[in-house]
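Q: Please find work_1.pdb (PDB, C-alpha atoms) on the next line:
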```
ATOM      1  CA  MET A 666       0.000   0.000   0.000
ATOM      2  CA  ARG A 667       1.344   3.456  -0.839
ATOM      3  CA  PHE A 668       0.746   6.661   1.061
ATOM      4  CA  ALA A 669       1.379  10.243   0.011
ATOM      5  CA  THR A 670       3.344  10.854   3.224
ATOM      6  CA  ASP A 671       5.524   8.767   5.524
ATOM      7  CA  ARG A 672       3.470   9.562   8.632
ATOM      8  CA  LEU A 673       2.207   5.982   9.096
ATOM      9  CA  THR A 674       5.780   4.741   8.811
ATOM     10  CA  GLN A 675       6.899   7.258  11.428
ATOM     11  CA  LEU A 676       4.096   6.111  13.742
ATOM     12  CA  ALA A 677       4.915   2.430  13.239
ATOM     13  CA  ARG A 678       8.564   3.039  14.139
ATOM     14  CA  THR A 679       7.541   4.392  17.533
ATOM     15  CA  LEU A 680       5.114   1.583  18.441
ATOM     16  CA  PRO A 681       6.547  -1.535  20.122
ATOM     17  CA  THR A 682       3.835  -3.770  18.563
ATOM     18  CA  ALA A 683       4.813  -2.975  14.956
ATOM     19  CA  GLU A 684       6.845  -5.500  12.956
ATOM     20  CA  HIS A 685       9.440  -4.146  10.534
ATOM     21  CA  SER A 686      11.412  -5.521   7.613
ATOM     22  CA  LYS A 687      13.191  -3.986   4.632
ATOM     23  CA  GLN A 688      10.404  -4.655   2.126
ATOM     24  CA  ASP A 689       7.256  -4.710   4.243
ATOM     25  CA  SER A 690       5.908  -3.877   7.669
ATOM     26  CA  GLN A 691       2.863  -4.817   9.648
ATOM     27  CA  LEU A 692       0.884  -2.621  11.997
ATOM     28  CA  GLU A 693      -2.199  -3.974  13.746
ATOM     29  CA  VAL A 694      -4.866  -1.413  14.628
ATOM     30  CA  LEU A 695      -7.414  -2.773  17.091
ATOM     31  CA  ARG A 696     -11.163  -2.265  16.593
ATOM     32  CA  SER A 697     -11.355  -0.420  19.892
ATOM     33  CA  ILE A 698      -9.305   2.447  18.450
ATOM     34  CA  THR A 699     -11.251   5.339  16.977
ATOM     35  CA  PRO A 700     -11.277   4.997  13.176
ATOM     36  CA  VAL A 701      -9.905   8.524  12.750
ATOM     37  CA  ILE A 702      -6.210   9.040  13.262
ATOM     38  CA  GLU A 703      -4.366  12.334  13.035
ATOM     39  CA  LEU A 704      -0.740  12.211  11.947
ATOM     40  CA  PRO A 705       0.690  15.723  11.770
ATOM     41  CA  SER A 706       3.993  16.512  10.131
ATOM     42  CA  ILE A 707       7.135  16.513  12.243
ATOM     43  CA  LEU A 708       7.660  19.305  14.752
ATOM     44  CA  ARG A 709      11.250  20.402  14.084
ATOM     45  CA  THR A 710      11.667  23.391  16.389
ATOM     46  CA  GLY A 711      10.468  24.552  19.793
ATOM     47  CA  GLN A 712       9.085  27.811  18.471
ATOM     48  CA  PHE A 713       8.622  29.325  15.032
ATOM     49  CA  LYS A 714       9.857  32.901  14.874
ATOM     50  CA  SER A 715       8.774  34.482  11.661
ATOM     51  CA  THR A 716       7.656  37.406   9.669
ATOM     52  CA  LEU A 717       4.493  37.593   7.619
ATOM     53  CA  VAL A 718       6.329  36.678   4.417
ATOM     54  CA  GLU A 719       7.442  33.251   5.671
ATOM     55  CA  GLN A 720       5.225  30.232   5.039
ATOM     56  CA  PRO A 721       5.900  27.209   7.211
ATOM     57  CA  THR A 722       5.101  23.962   5.419
ATOM     58  CA  GLU A 723       5.379  21.699   8.479
ATOM     59  CA  SER A 724       3.995  21.732  12.015
ATOM     60  CA  PHE A 725       5.229  24.516  14.279
ATOM     61  CA  ILE A 726       4.687  26.177  17.635
ATOM     62  CA  TYR A 727       3.598  29.797  17.512
ATOM     63  CA  GLU A 728       3.672  32.062  20.552
ATOM     64  CA  GLN A 729       2.980  35.754  20.820
ATOM     65  CA  ASP A 730       3.252  37.790  24.030
ATOM     66  CA  GLY A 731       2.187  41.310  24.788
ATOM     67  CA  ALA A 732       2.476  43.520  27.841
ATOM     68  CA  ILE A 733       1.137  47.061  27.968
ATOM     69  CA  VAL A 734       1.392  49.361  30.975
ATOM     70  CA  GLY A 735      -0.254  52.767  30.754
ATOM     71  CA  VAL A 736      -0.802  54.747  27.584
ATOM     72  CA  SER A 737      -0.255  52.825  24.349
ATOM     73  CA  ALA A 738      -1.480  53.049  20.771
ATOM     74  CA  ALA A 739      -3.358  50.141  19.212
ATOM     75  CA  VAL A 740      -1.148  47.753  17.244
ATOM     76  CA  ASN A 741      -1.468  44.530  15.270
ATOM     77  CA  LEU A 742       1.319  41.952  15.415
ATOM     78  CA  ASP A 743       1.166  39.644  12.402
ATOM     79  CA  GLY A 744       2.539  36.120  12.449
ATOM     80  CA  PRO A 745       3.408  33.522   9.826
ATOM     81  CA  GLN A 746       1.285  32.727   6.781
ATOM     82  CA  LEU A 747      -0.119  29.227   6.539
ATOM     83  CA  SER A 748       0.571  27.411   3.305
ATOM     84  CA  PRO A 749      -2.428  25.730   1.641
ATOM     85  CA  GLY A 750      -3.443  22.454   3.268
ATOM     86  CA  LEU A 751      -5.191  20.971   6.295
ATOM     87  CA  TRP A 752      -4.089  22.405   9.653
ATOM     88  CA  HIS A 753      -5.010  21.550  13.254
ATOM     89  CA  ILE A 754      -4.629  24.572  15.547
ATOM     90  CA  GLN A 755      -4.560  23.834  19.280
ATOM     91  CA  GLY A 756      -3.557  25.857  22.286
ATOM     92  CA  ASN A 757      -4.758  28.675  24.453
ATOM     93  CA  CYS A 758      -4.734  32.424  24.772
ATOM     94  CA  ARG A 759      -4.388  34.180  28.112
ATOM     95  CA  TRP A 760      -5.650  37.680  28.737
ATOM     96  CA  GLN A 761      -5.139  39.736  31.915
ATOM     97  CA  PHE A 762      -6.402  43.259  32.457
ATOM     98  CA  ALA A 763      -6.378  45.684  35.359
ATOM     99  CA  GLY A 764      -6.996  49.387  35.282
ATOM    100  CA  THR A 765      -9.650  51.793  34.162
ATOM    101  CA  ASN A 766     -13.148  51.085  32.930
ATOM    102  CA  ASN A 767     -12.000  51.679  29.369
ATOM    103  CA  GLY A 768     -14.796  49.517  27.900
ATOM    104  CA  GLY A 769     -14.103  50.425  24.299
ATOM    105  CA  ILE A 770     -10.866  48.478  24.066
ATOM    106  CA  PHE A 771     -10.782  45.046  22.438
ATOM    107  CA  SER A 772      -8.083  42.343  22.247
ATOM    108  CA  ALA A 773      -7.979  39.315  19.969
ATOM    109  CA  TYR A 774      -5.969  36.482  18.465
ATOM    110  CA  GLN A 775      -7.130  36.116  14.887
ATOM    111  CA  LEU A 776      -6.695  34.141  11.699
ATOM    112  CA  LEU A 777      -7.017  36.334   8.593
ATOM    113  CA  ASP A 778      -7.337  35.422   4.942
ATOM    114  CA  ALA A 779      -5.526  37.155   2.068
ATOM    115  CA  ASN A 780      -8.361  39.705   1.754
ATOM    116  CA  GLY A 781      -8.090  40.704   5.424
ATOM    117  CA  THR A 782     -11.275  38.959   6.541
ATOM    118  CA  ARG A 783     -10.852  38.170  10.244
ATOM    119  CA  TRP A 784     -11.764  35.083  12.188
ATOM    120  CA  ASN A 785     -11.339  35.578  15.928
ATOM    121  CA  LEU A 786      -9.777  32.503  17.507
ATOM    122  CA  ALA A 787     -10.073  34.276  20.872
ATOM    123  CA  SER A 788     -11.350  37.764  21.673
ATOM    124  CA  TRP A 789     -12.083  39.819  24.758
ATOM    125  CA  GLN A 790     -13.877  43.017  25.663
ATOM    126  CA  HIS A 791     -11.944  44.473  28.568
ATOM    127  CA  ILE A 792     -13.173  43.871  32.068
ATOM    128  CA  GLN A 793     -11.098  43.475  35.219
ATOM    129  CA  GLY A 794      -9.606  40.005  35.603
ATOM    130  CA  SER A 795      -7.824  37.144  33.922
ATOM    131  CA  LEU A 796      -9.194  34.749  31.291
ATOM    132  CA  VAL A 797      -7.796  31.730  29.448
ATOM    133  CA  THR A 798      -9.483  30.731  26.185
ATOM    134  CA  PRO A 799      -8.790  27.244  24.774
ATOM    135  CA  ILE A 800      -8.465  26.841  20.990
ATOM    136  CA  ASP A 801      -8.923  23.560  19.118
ATOM    137  CA  ILE A 802      -9.906  23.806  15.450
ATOM    138  CA  VAL A 803      -9.140  22.052  12.180
ATOM    139  CA  VAL A 804      -9.077  24.328   9.145
ATOM    140  CA  SER A 805      -8.566  23.484   5.475
ATOM    141  CA  ILE A 806      -6.869  26.316   3.601
ATOM    142  CA  GLY A 807      -6.958  26.391  -0.190
ATOM    143  CA  ASP A 808      -5.332  29.740  -0.914
ATOM    144  CA  VAL A 809      -2.065  31.415   0.005
ATOM    145  CA  GLY A 810      -2.235  34.362   2.374
ATOM    146  CA  TRP A 811      -3.855  33.156   5.619
ATOM    147  CA  PHE A 812      -1.966  34.429   8.673
ATOM    148  CA  PHE A 813      -2.177  34.893  12.445
ATOM    149  CA  ARG A 814      -2.617  38.274  14.132
ATOM    150  CA  GLN A 815      -2.490  39.482  17.715
ATOM    151  CA  GLN A 816      -4.651  42.601  18.011
ATOM    152  CA  ARG A 817      -3.567  44.864  20.867
ATOM    153  CA  PRO A 818      -5.831  47.762  21.824
ATOM    154  CA  ALA A 819      -5.084  51.362  22.643
ATOM    155  CA  THR A 820      -4.825  51.811  26.398
ATOM    156  CA  ILE A 821      -4.950  54.821  28.686
ATOM    157  CA  ALA A 822      -3.119  55.839  31.854
ATOM    158  CA  GLY A 823      -3.820  53.344  34.615
ATOM    159  CA  ASP A 824      -4.367  50.346  32.316
ATOM    160  CA  VAL A 825      -2.252  47.205  32.624
ATOM    161  CA  LEU A 826      -2.776  44.547  29.969
ATOM    162  CA  GLY A 827      -1.065  41.197  29.454
ATOM    163  CA  LEU A 828      -1.654  38.979  26.417
ATOM    164  CA  HIS A 829      -0.178  35.574  25.677
ATOM    165  CA  GLY A 830      -1.077  33.173  22.881
ATOM    166  CA  SER A 831       0.461  29.712  22.642
ATOM    167  CA  LEU A 832      -0.526  27.547  19.658
ATOM    168  CA  LEU A 833       0.563  24.199  18.281
ATOM    169  CA  VAL A 834      -0.113  24.498  14.551
ATOM    170  CA  ALA A 835      -0.037  20.937  13.179
ATOM    171  CA  ARG A 836       0.141  20.341   9.423
ATOM    172  CA  LEU A 837      -2.085  17.369   8.534
ATOM    173  CA  THR A 838      -1.798  17.380   4.718
TER     174      THR A 838
END
```
Give the structure from the file, written as structure tokens.

A:
Amino acid sequence: MRFATDRLTQLARTLPTAEHSKQDSQLEVLRSITPVIELPSILRTGQFKSTLVEQPTESFIYEQDGAIVGVSAAVNLDGPQLSPGLWHIQGNCRWQFAGTNNGGIFSAYQLLDANGTRWNLASWQHIQGSLVTPIDIVVSIGDVGWFFRQQRPATIAGDVLGLHGSLLVARLT
């Protein structure tokens, strides 16, 4: 049997129940195992540091921090573009705010397409406190140009804002 990727081979090499030979291998999958298996590409680095022009083609870890104390202008921090394919995005975003009742400010971790259409993976209207938002989605991307964005709001004197996003972006196909 031929596969477009070597992910099943990689899995079989790690399992003690698999039998290997030069020409053929055998891997028994029990009926009790869910019939859907996810085999992402290899994770080669602890964290992907990039600019918007880079397009990772394998799984990567993406983290983006932000700390604002006092007066600050709104800013968007853009991350890597996703190449076309099937991606599983898992992780969490943490948001902490203390300060004024500046209710008009808005923070978000977003996925944008090439036209700038936003999809909020996590978003918050500012209230006092700390929140953690889990993220677990599978997205199939057909076009070039999708990228991550951390949207930081404008703050005023007395505001203290902390943002942290930590995502495992697993390439499935």

Q: What does the PyMOL selection byres ((chain A and resi 808) around 10) select in this file, as an NGL selection string?

A: :A and (747-750 or 778-779 or 805-807 or 809-811)

Q: Quote the spacing between CA of Asn757 (chain A) and CA of Gln816 (chain A) in Å to one decimal place.

A: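 Here the two named atoms are 15.3 Å from each other.
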
Q: Using all atoms of region 733-746 of chain A listed in the file and a margin of 6 Å per side, can you give the axis-aligned box centre and edge lengths in Å to one decimal, as lines of an AutoDock Vina configuration file?

A:
```
center_x = 0.0
center_y = 43.7
center_z = 18.9
size_x = 18.8
size_y = 34.0
size_z = 36.2
```

Q: Using Å and a single decimal, report how far CA of Ile733 (chain A) sits from CA of Val834 (chain A).

A: 26.3 Å

Q: Measuring atom to atom with all atoms listed in the file, identify which of A:Gln755, A:Ser795, A:Ser706, A:Gln790 is nearest to Ser772 (chain A).

A: A:Gln790

Q: Taking the file as shown, find all residues satisfying the PyMOL selection byres ((chain A and resi 820) around 12) and write them as a short mmCIF file (atom, residue, chain, number, x, y, z; two decimals) with C-alpha atoms, keeping the file's coordinate frame.

A:
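Now in part-v5.cif:
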```cif
data_model
loop_
_atom_site.label_atom_id
_atom_site.label_comp_id
_atom_site.auth_asym_id
_atom_site.auth_seq_id
_atom_site.Cartn_x
_atom_site.Cartn_y
_atom_site.Cartn_z
CA ALA A 732 2.48 43.52 27.84
CA ILE A 733 1.14 47.06 27.97
CA VAL A 734 1.39 49.36 30.98
CA GLY A 735 -0.25 52.77 30.75
CA VAL A 736 -0.80 54.75 27.58
CA SER A 737 -0.26 52.82 24.35
CA ALA A 738 -1.48 53.05 20.77
CA ALA A 739 -3.36 50.14 19.21
CA VAL A 740 -1.15 47.75 17.24
CA PHE A 762 -6.40 43.26 32.46
CA ALA A 763 -6.38 45.68 35.36
CA GLY A 764 -7.00 49.39 35.28
CA THR A 765 -9.65 51.79 34.16
CA ASN A 766 -13.15 51.08 32.93
CA ASN A 767 -12.00 51.68 29.37
CA GLY A 768 -14.80 49.52 27.90
CA GLY A 769 -14.10 50.42 24.30
CA ILE A 770 -10.87 48.48 24.07
CA PHE A 771 -10.78 45.05 22.44
CA SER A 772 -8.08 42.34 22.25
CA HIS A 791 -11.94 44.47 28.57
CA ARG A 817 -3.57 44.86 20.87
CA PRO A 818 -5.83 47.76 21.82
CA ALA A 819 -5.08 51.36 22.64
CA ILE A 821 -4.95 54.82 28.69
CA ALA A 822 -3.12 55.84 31.85
CA GLY A 823 -3.82 53.34 34.62
CA ASP A 824 -4.37 50.35 32.32
CA VAL A 825 -2.25 47.20 32.62
CA LEU A 826 -2.78 44.55 29.97
CA GLY A 827 -1.06 41.20 29.45
#
```

Q: Around the point (4.9, 20.2, 8.7) in the file's coordinates, collect all residues with an atom within 12 Å, using all atoms listed in the file, and return them as a PyMOL selection string.

A: chain A and resi 670-672+704-710+713+720-726+747-753+833-838

Q: Can you turn the PyMOL selection byres ((chain A and resi 828) around 6) into a concrete residue list for this file, as a PyMOL selection string?

A: chain A and resi 730-731+759-760+827+829

Q: Have a look at CA of Asp801 (chain A) and CA of Asp743 (chain A) and let me know their distance in Å, one decimal.

A: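 Result for CA of Asp801 (chain A) versus CA of Asp743 (chain A): 20.1 Å, one decimal.
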
Q: Give the answer as one residue: which of A:Glu703, A:Leu786, A:Gln761, A:Tyr727 has the shortest atom-to-atom distance to Ile800 (chain A), using all atoms listed in the file?

A: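 The answer is A:Leu786, which sits nearest to Ile800 (chain A).
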
Q: Compare A:Ile754, A:Phe812, A:Gly744, A:Glu728 by their minimum atom-to-atom distance to Asn780 (chain A), counting all atoms listed in the file, and give me the closest one.

A: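 Checking each candidate against Asn780 (chain A), we get A:Phe812 as the closest.
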
Q: Closest to Pro799 (chain A) among A:Ala787, A:Gln729, A:Leu742, A:Gln775, using all atoms listed in the file?

A: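 Of all the options, A:Ala787 lies closest to Pro799 (chain A).
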
Q: Which of these residues is nearest to Leu777 (chain A), using all atoms listed in the file: A:Pro745, A:Cys758, A:Ile802, A:Leu796?

A: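 Of A:Pro745, A:Cys758, A:Ile802, A:Leu796, the one nearest Leu777 (chain A), counting all atoms listed in the file, is A:Pro745.
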